[in-house]
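As stored in upload.pdb (PDB, N, CA and C atoms):
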```
ATOM      1  N   MET A   1      22.571 -45.057 -68.590  1.00  0.00           N
ATOM      2  CA  MET A   1      22.500 -46.382 -69.202  1.00  0.00           C
ATOM      3  C   MET A   1      22.987 -47.430 -68.206  1.00  0.00           C
ATOM      4  N   GLU A   2      22.330 -48.547 -68.186  1.00  0.00           N
ATOM      5  CA  GLU A   2      22.677 -49.612 -67.259  1.00  0.00           C
ATOM      6  C   GLU A   2      23.813 -50.445 -67.827  1.00  0.00           C
ATOM      7  N   ALA A   3      24.752 -50.839 -66.976  1.00  0.00           N
ATOM      8  CA  ALA A   3      25.895 -51.651 -67.402  1.00  0.00           C
ATOM      9  C   ALA A   3      25.513 -53.127 -67.431  1.00  0.00           C
ATOM     10  N   ARG A   4      25.957 -53.833 -68.476  1.00  0.00           N
ATOM     11  CA  ARG A   4      25.712 -55.287 -68.568  1.00  0.00           C
ATOM     12  C   ARG A   4      26.793 -55.998 -67.761  1.00  0.00           C
ATOM     13  N   VAL A   5      26.390 -57.003 -67.002  1.00  0.00           N
ATOM     14  CA  VAL A   5      27.325 -57.766 -66.185  1.00  0.00           C
ATOM     15  C   VAL A   5      27.034 -59.259 -66.330  1.00  0.00           C
ATOM     16  N   LYS A   6      28.063 -60.067 -66.104  1.00  0.00           N
ATOM     17  CA  LYS A   6      27.917 -61.519 -66.093  1.00  0.00           C
ATOM     18  C   LYS A   6      27.865 -61.948 -64.634  1.00  0.00           C
ATOM     19  N   VAL A   7      26.934 -62.836 -64.296  1.00  0.00           N
ATOM     20  CA  VAL A   7      26.707 -63.237 -62.921  1.00  0.00           C
ATOM     21  C   VAL A   7      26.677 -64.766 -62.840  1.00  0.00           C
ATOM     22  N   THR A   8      27.374 -65.315 -61.846  1.00  0.00           N
ATOM     23  CA  THR A   8      27.288 -66.745 -61.561  1.00  0.00           C
ATOM     24  C   THR A   8      26.480 -66.916 -60.285  1.00  0.00           C
ATOM     25  N   ILE A   9      25.412 -67.720 -60.362  1.00  0.00           N
ATOM     26  CA  ILE A   9      24.563 -67.999 -59.209  1.00  0.00           C
ATOM     27  C   ILE A   9      24.692 -69.485 -58.898  1.00  0.00           C
ATOM     28  N   ARG A  10      25.102 -69.795 -57.664  1.00  0.00           N
ATOM     29  CA  ARG A  10      25.241 -71.197 -57.253  1.00  0.00           C
ATOM     30  C   ARG A  10      24.280 -71.455 -56.094  1.00  0.00           C
ATOM     31  N   CYS A  11      23.513 -72.538 -56.227  1.00  0.00           N
ATOM     32  CA  CYS A  11      22.556 -72.937 -55.193  1.00  0.00           C
ATOM     33  C   CYS A  11      23.302 -73.683 -54.093  1.00  0.00           C
ATOM     34  N   ASN A  12      23.124 -73.261 -52.854  1.00  0.00           N
ATOM     35  CA  ASN A  12      23.766 -73.920 -51.718  1.00  0.00           C
ATOM     36  C   ASN A  12      22.994 -75.154 -51.248  1.00  0.00           C
ATOM     37  N   VAL A  13      21.828 -75.416 -51.824  1.00  0.00           N
ATOM     38  CA  VAL A  13      21.030 -76.582 -51.448  1.00  0.00           C
ATOM     39  C   VAL A  13      21.380 -77.780 -52.331  1.00  0.00           C
ATOM     40  N   CYS A  14      21.329 -77.602 -53.664  1.00  0.00           N
ATOM     41  CA  CYS A  14      21.550 -78.735 -54.565  1.00  0.00           C
ATOM     42  C   CYS A  14      22.856 -78.627 -55.351  1.00  0.00           C
ATOM     43  N   GLY A  15      23.522 -77.459 -55.315  1.00  0.00           N
ATOM     44  CA  GLY A  15      24.800 -77.304 -56.006  1.00  0.00           C
ATOM     45  C   GLY A  15      24.695 -76.887 -57.459  1.00  0.00           C
ATOM     46  N   GLU A  16      23.507 -76.691 -57.972  1.00  0.00           N
ATOM     47  CA  GLU A  16      23.311 -76.275 -59.367  1.00  0.00           C
ATOM     48  C   GLU A  16      23.932 -74.898 -59.585  1.00  0.00           C
ATOM     49  N   LYS A  17      24.505 -74.683 -60.777  1.00  0.00           N
ATOM     50  CA  LYS A  17      25.165 -73.418 -61.091  1.00  0.00           C
ATOM     51  C   LYS A  17      24.515 -72.818 -62.329  1.00  0.00           C
ATOM     52  N   PHE A  18      24.266 -71.519 -62.277  1.00  0.00           N
ATOM     53  CA  PHE A  18      23.671 -70.783 -63.386  1.00  0.00           C
ATOM     54  C   PHE A  18      24.588 -69.620 -63.733  1.00  0.00           C
ATOM     55  N   VAL A  19      24.886 -69.430 -65.014  1.00  0.00           N
ATOM     56  CA  VAL A  19      25.666 -68.288 -65.477  1.00  0.00           C
ATOM     57  C   VAL A  19      24.726 -67.447 -66.319  1.00  0.00           C
ATOM     58  N   LEU A  20      24.493 -66.219 -65.875  1.00  0.00           N
ATOM     59  CA  LEU A  20      23.513 -65.340 -66.508  1.00  0.00           C
ATOM     60  C   LEU A  20      24.110 -63.988 -66.821  1.00  0.00           C
ATOM     61  N   ARG A  21      23.480 -63.295 -67.761  1.00  0.00           N
ATOM     62  CA  ARG A  21      23.811 -61.909 -68.011  1.00  0.00           C
ATOM     63  C   ARG A  21      22.696 -61.060 -67.431  1.00  0.00           C
ATOM     64  N   GLY A  22      23.075 -59.920 -66.888  1.00  0.00           N
ATOM     65  CA  GLY A  22      22.074 -59.041 -66.308  1.00  0.00           C
ATOM     66  C   GLY A  22      22.460 -57.600 -66.493  1.00  0.00           C
ATOM     67  N   ARG A  23      21.655 -56.736 -65.955  1.00  0.00           N
ATOM     68  CA  ARG A  23      21.904 -55.295 -66.013  1.00  0.00           C
ATOM     69  C   ARG A  23      22.053 -54.763 -64.595  1.00  0.00           C
ATOM     70  N   ARG A  24      23.114 -53.984 -64.394  1.00  0.00           N
ATOM     71  CA  ARG A  24      23.354 -53.371 -63.091  1.00  0.00           C
ATOM     72  C   ARG A  24      22.574 -52.065 -63.014  1.00  0.00           C
ATOM     73  N   ASP A  25      21.846 -51.896 -61.921  1.00  0.00           N
ATOM     74  CA  ASP A  25      21.110 -50.670 -61.650  1.00  0.00           C
ATOM     75  C   ASP A  25      21.431 -50.258 -60.219  1.00  0.00           C
ATOM     76  N   LYS A  26      22.416 -49.396 -60.056  1.00  0.00           N
ATOM     77  CA  LYS A  26      22.952 -48.965 -58.759  1.00  0.00           C
ATOM     78  C   LYS A  26      23.489 -50.175 -57.992  1.00  0.00           C
ATOM     79  N   ASP A  27      22.853 -50.572 -56.893  1.00  0.00           N
ATOM     80  CA  ASP A  27      23.347 -51.701 -56.089  1.00  0.00           C
ATOM     81  C   ASP A  27      22.611 -52.998 -56.378  1.00  0.00           C
ATOM     82  N   TYR A  28      21.821 -53.033 -57.423  1.00  0.00           N
ATOM     83  CA  TYR A  28      20.998 -54.191 -57.739  1.00  0.00           C
ATOM     84  C   TYR A  28      21.342 -54.706 -59.133  1.00  0.00           C
ATOM     85  N   ILE A  29      21.402 -56.019 -59.296  1.00  0.00           N
ATOM     86  CA  ILE A  29      21.635 -56.622 -60.605  1.00  0.00           C
ATOM     87  C   ILE A  29      20.383 -57.379 -61.000  1.00  0.00           C
ATOM     88  N   ASP A  30      19.777 -56.987 -62.130  1.00  0.00           N
ATOM     89  CA  ASP A  30      18.561 -57.633 -62.602  1.00  0.00           C
ATOM     90  C   ASP A  30      18.902 -58.674 -63.652  1.00  0.00           C
ATOM     91  N   THR A  31      18.739 -59.957 -63.307  1.00  0.00           N
ATOM     92  CA  THR A  31      18.971 -61.050 -64.247  1.00  0.00           C
ATOM     93  C   THR A  31      17.675 -61.761 -64.607  1.00  0.00           C
ATOM     94  N   GLY A  32      16.619 -61.513 -63.869  1.00  0.00           N
ATOM     95  CA  GLY A  32      15.370 -62.220 -64.072  1.00  0.00           C
ATOM     96  C   GLY A  32      15.323 -63.542 -63.322  1.00  0.00           C
ATOM     97  N   PHE A  33      16.392 -63.891 -62.600  1.00  0.00           N
ATOM     98  CA  PHE A  33      16.461 -65.155 -61.855  1.00  0.00           C
ATOM     99  C   PHE A  33      15.535 -65.083 -60.652  1.00  0.00           C
ATOM    100  N   LYS A  34      14.687 -66.099 -60.499  1.00  0.00           N
ATOM    101  CA  LYS A  34      13.738 -66.132 -59.381  1.00  0.00           C
ATOM    102  C   LYS A  34      14.092 -67.202 -58.360  1.00  0.00           C
ATOM    103  N   GLN A  35      14.330 -68.451 -58.825  1.00  0.00           N
ATOM    104  CA  GLN A  35      14.651 -69.544 -57.907  1.00  0.00           C
ATOM    105  C   GLN A  35      15.330 -70.672 -58.659  1.00  0.00           C
ATOM    106  N   CYS A  36      16.003 -71.529 -57.917  1.00  0.00           N
ATOM    107  CA  CYS A  36      16.682 -72.691 -58.475  1.00  0.00           C
ATOM    108  C   CYS A  36      15.655 -73.748 -58.889  1.00  0.00           C
ATOM    109  N   ILE A  37      16.104 -74.724 -59.653  1.00  0.00           N
ATOM    110  CA  ILE A  37      15.207 -75.808 -60.061  1.00  0.00           C
ATOM    111  C   ILE A  37      14.755 -76.666 -58.883  1.00  0.00           C
ATOM    112  N   CYS A  38      15.447 -76.576 -57.745  1.00  0.00           N
ATOM    113  CA  CYS A  38      15.041 -77.310 -56.537  1.00  0.00           C
ATOM    114  C   CYS A  38      14.108 -76.468 -55.657  1.00  0.00           C
ATOM    115  N   ASN A  39      13.596 -75.358 -56.185  1.00  0.00           N
ATOM    116  CA  ASN A  39      12.667 -74.430 -55.506  1.00  0.00           C
ATOM    117  C   ASN A  39      13.324 -73.584 -54.428  1.00  0.00           C
ATOM    118  N   ASN A  40      14.656 -73.566 -54.347  1.00  0.00           N
ATOM    119  CA  ASN A  40      15.364 -72.708 -53.401  1.00  0.00           C
ATOM    120  C   ASN A  40      15.414 -71.289 -53.978  1.00  0.00           C
ATOM    121  N   ALA A  41      14.972 -70.320 -53.197  1.00  0.00           N
ATOM    122  CA  ALA A  41      14.999 -68.933 -53.647  1.00  0.00           C
ATOM    123  C   ALA A  41      15.837 -68.050 -52.724  1.00  0.00           C
ATOM    124  N   ASP A  42      16.356 -68.595 -51.617  1.00  0.00           N
ATOM    125  CA  ASP A  42      17.017 -67.774 -50.616  1.00  0.00           C
ATOM    126  C   ASP A  42      18.481 -68.112 -50.380  1.00  0.00           C
ATOM    127  N   ASP A  43      18.856 -69.372 -50.393  1.00  0.00           N
ATOM    128  CA  ASP A  43      20.215 -69.804 -50.046  1.00  0.00           C
ATOM    129  C   ASP A  43      21.066 -69.925 -51.306  1.00  0.00           C
ATOM    130  N   LEU A  44      21.483 -68.758 -51.838  1.00  0.00           N
ATOM    131  CA  LEU A  44      22.223 -68.704 -53.096  1.00  0.00           C
ATOM    132  C   LEU A  44      23.503 -67.897 -52.925  1.00  0.00           C
ATOM    133  N   ASP A  45      24.572 -68.304 -53.615  1.00  0.00           N
ATOM    134  CA  ASP A  45      25.796 -67.506 -53.707  1.00  0.00           C
ATOM    135  C   ASP A  45      25.779 -66.814 -55.051  1.00  0.00           C
ATOM    136  N   ILE A  46      25.907 -65.485 -55.052  1.00  0.00           N
ATOM    137  CA  ILE A  46      25.874 -64.717 -56.288  1.00  0.00           C
ATOM    138  C   ILE A  46      27.214 -64.021 -56.456  1.00  0.00           C
ATOM    139  N   GLU A  47      27.866 -64.273 -57.590  1.00  0.00           N
ATOM    140  CA  GLU A  47      29.185 -63.694 -57.870  1.00  0.00           C
ATOM    141  C   GLU A  47      29.113 -62.916 -59.176  1.00  0.00           C
ATOM    142  N   GLU A  48      29.523 -61.670 -59.118  1.00  0.00           N
ATOM    143  CA  GLU A  48      29.530 -60.805 -60.306  1.00  0.00           C
ATOM    144  C   GLU A  48      30.898 -60.872 -60.963  1.00  0.00           C
ATOM    145  N   HIS A  49      30.901 -60.929 -62.291  1.00  0.00           N
ATOM    146  CA  HIS A  49      32.145 -60.951 -63.057  1.00  0.00           C
ATOM    147  C   HIS A  49      32.250 -59.639 -63.834  1.00  0.00           C
ATOM    148  N   PRO A  50      33.089 -58.716 -63.393  1.00  0.00           N
ATOM    149  CA  PRO A  50      33.211 -57.425 -64.084  1.00  0.00           C
ATOM    150  C   PRO A  50      33.922 -57.571 -65.429  1.00  0.00           C
ATOM    151  N   GLY A  51      33.770 -56.555 -66.241  1.00  0.00           N
ATOM    152  CA  GLY A  51      34.462 -56.535 -67.523  1.00  0.00           C
ATOM    153  C   GLY A  51      33.813 -57.361 -68.587  1.00  0.00           C
ATOM    154  N   PHE A  52      32.524 -57.594 -68.471  1.00  0.00           N
ATOM    155  CA  PHE A  52      31.822 -58.428 -69.449  1.00  0.00           C
ATOM    156  C   PHE A  52      31.501 -57.620 -70.672  1.00  0.00           C
TER
END
```
Is it possible to give me this structure as structure tokens?
Amino acid sequence: MEARVKVTIRCNVCGEKFVLRGRRDKDYIDTGFKQCICNNADDLDIEEHPGF
């Protein structure tokens, strides 16, 4: 079973912050997040919050 995790994604281009829930699958977290509203898909800080 995949563990649910809370993830904060911050865009380094425009500063927008997204707080999402996702599922951990080994070394990958699937949140469904594709890109920021400013079309940035690469320059992102992703922080996982354990114990969700």
Select from chain A everything DSSP, run on the backbone, classes as strand (DSSP E or B), then give the selection as an mmCIF file with N, CA and C atoms, keeping the file's coordinate frame.
```cif
data_model
loop_
_atom_site.group_PDB
_atom_site.id
_atom_site.type_symbol
_atom_site.label_atom_id
_atom_site.label_comp_id
_atom_site.auth_asym_id
_atom_site.auth_seq_id
_atom_site.Cartn_x
_atom_site.Cartn_y
_atom_site.Cartn_z
ATOM 1 N N ALA A 3 24.752 -50.839 -66.976
ATOM 2 C CA ALA A 3 25.895 -51.651 -67.402
ATOM 3 C C ALA A 3 25.513 -53.127 -67.431
ATOM 4 N N ARG A 4 25.957 -53.833 -68.476
ATOM 5 C CA ARG A 4 25.712 -55.287 -68.568
ATOM 6 C C ARG A 4 26.793 -55.998 -67.761
ATOM 7 N N VAL A 5 26.390 -57.003 -67.002
ATOM 8 C CA VAL A 5 27.325 -57.766 -66.185
ATOM 9 C C VAL A 5 27.034 -59.259 -66.330
ATOM 10 N N LYS A 6 28.063 -60.067 -66.104
ATOM 11 C CA LYS A 6 27.917 -61.519 -66.093
ATOM 12 C C LYS A 6 27.865 -61.948 -64.634
ATOM 13 N N VAL A 7 26.934 -62.836 -64.296
ATOM 14 C CA VAL A 7 26.707 -63.237 -62.921
ATOM 15 C C VAL A 7 26.677 -64.766 -62.840
ATOM 16 N N THR A 8 27.374 -65.315 -61.846
ATOM 17 C CA THR A 8 27.288 -66.745 -61.561
ATOM 18 C C THR A 8 26.480 -66.916 -60.285
ATOM 19 N N ILE A 9 25.412 -67.720 -60.362
ATOM 20 C CA ILE A 9 24.563 -67.999 -59.209
ATOM 21 C C ILE A 9 24.692 -69.485 -58.898
ATOM 22 N N ARG A 10 25.102 -69.795 -57.664
ATOM 23 C CA ARG A 10 25.241 -71.197 -57.253
ATOM 24 C C ARG A 10 24.280 -71.455 -56.094
ATOM 25 N N CYS A 11 23.513 -72.538 -56.227
ATOM 26 C CA CYS A 11 22.556 -72.937 -55.193
ATOM 27 C C CYS A 11 23.302 -73.683 -54.093
ATOM 28 N N LYS A 17 24.505 -74.683 -60.777
ATOM 29 C CA LYS A 17 25.165 -73.418 -61.091
ATOM 30 C C LYS A 17 24.515 -72.818 -62.329
ATOM 31 N N PHE A 18 24.266 -71.519 -62.277
ATOM 32 C CA PHE A 18 23.671 -70.783 -63.386
ATOM 33 C C PHE A 18 24.588 -69.620 -63.733
ATOM 34 N N VAL A 19 24.886 -69.430 -65.014
ATOM 35 C CA VAL A 19 25.666 -68.288 -65.477
ATOM 36 C C VAL A 19 24.726 -67.447 -66.319
ATOM 37 N N LEU A 20 24.493 -66.219 -65.875
ATOM 38 C CA LEU A 20 23.513 -65.340 -66.508
ATOM 39 C C LEU A 20 24.110 -63.988 -66.821
ATOM 40 N N ARG A 21 23.480 -63.295 -67.761
ATOM 41 C CA ARG A 21 23.811 -61.909 -68.011
ATOM 42 C C ARG A 21 22.696 -61.060 -67.431
ATOM 43 N N GLY A 22 23.075 -59.920 -66.888
ATOM 44 C CA GLY A 22 22.074 -59.041 -66.308
ATOM 45 C C GLY A 22 22.460 -57.600 -66.493
ATOM 46 N N ARG A 23 21.655 -56.736 -65.955
ATOM 47 C CA ARG A 23 21.904 -55.295 -66.013
ATOM 48 C C ARG A 23 22.053 -54.763 -64.595
ATOM 49 N N ARG A 24 23.114 -53.984 -64.394
ATOM 50 C CA ARG A 24 23.354 -53.371 -63.091
ATOM 51 C C ARG A 24 22.574 -52.065 -63.014
ATOM 52 N N ASP A 25 21.846 -51.896 -61.921
ATOM 53 C CA ASP A 25 21.110 -50.670 -61.650
ATOM 54 C C ASP A 25 21.431 -50.258 -60.219
ATOM 55 N N TYR A 28 21.821 -53.033 -57.423
ATOM 56 C CA TYR A 28 20.998 -54.191 -57.739
ATOM 57 C C TYR A 28 21.342 -54.706 -59.133
ATOM 58 N N ILE A 29 21.402 -56.019 -59.296
ATOM 59 C CA ILE A 29 21.635 -56.622 -60.605
ATOM 60 C C ILE A 29 20.383 -57.379 -61.000
ATOM 61 N N ASP A 30 19.777 -56.987 -62.130
ATOM 62 C CA ASP A 30 18.561 -57.633 -62.602
ATOM 63 C C ASP A 30 18.902 -58.674 -63.652
ATOM 64 N N LEU A 44 21.483 -68.758 -51.838
ATOM 65 C CA LEU A 44 22.223 -68.704 -53.096
ATOM 66 C C LEU A 44 23.503 -67.897 -52.925
ATOM 67 N N ASP A 45 24.572 -68.304 -53.615
ATOM 68 C CA ASP A 45 25.796 -67.506 -53.707
ATOM 69 C C ASP A 45 25.779 -66.814 -55.051
ATOM 70 N N ILE A 46 25.907 -65.485 -55.052
ATOM 71 C CA ILE A 46 25.874 -64.717 -56.288
ATOM 72 C C ILE A 46 27.214 -64.021 -56.456
ATOM 73 N N GLU A 47 27.866 -64.273 -57.590
ATOM 74 C CA GLU A 47 29.185 -63.694 -57.870
ATOM 75 C C GLU A 47 29.113 -62.916 -59.176
ATOM 76 N N GLU A 48 29.523 -61.670 -59.118
ATOM 77 C CA GLU A 48 29.530 -60.805 -60.306
ATOM 78 C C GLU A 48 30.898 -60.872 -60.963
ATOM 79 N N HIS A 49 30.901 -60.929 -62.291
ATOM 80 C CA HIS A 49 32.145 -60.951 -63.057
ATOM 81 C C HIS A 49 32.250 -59.639 -63.834
#
```
Please write as number ranges by chain the full residue list that the PyMOL selection byres (((chain A and resi 47 and name CA) around 9) and name CA) yields on this file. A: 6-10, 45-46, 48-49
Go through the shown structure with the PyMOL selection byres (((chain A and resi 40 and name CA) around 12) and name CA) and write out the matching residues as a PyMOL selection string. chain A and resi 9-16+33-39+41-45
When you draw a straight line from atom C of A:Arg24 to atom CA of A:Ala3, how long is it in Å? 5.5 Å
Place a sphere of radius 5 Å on (24.1, -62.9, -68.0) in the file coordinates and name every protein, DNA or RNA residue with an atom inside or on its surface, counting all atoms listed in the file; give the answer as number ranges by chain. A: 5-7, 19-22
Gap from atom N of A:Thr31 to atom N of A:Lys17 - Å, one decimal: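 A separation of 16.0 Å between them.
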Please compute the atom C of A:Pro50-atom C of A:Arg4 distance, one decimal, in Å.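 Value for the atom C of A:Pro50-atom C of A:Arg4 distance: 7.7 Å.
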Could you write out as lines of an AutoDock Vina configuration file the box around stretch 28-40 of chain A (axis-aligned, all atoms listed in the file, 4 Å on each side), with centre and edge lengths in Å to one decimal?
```
center_x = 17.2
center_y = -65.2
center_z = -59.0
size_x = 17.2
size_y = 32.3
size_z = 19.2
```
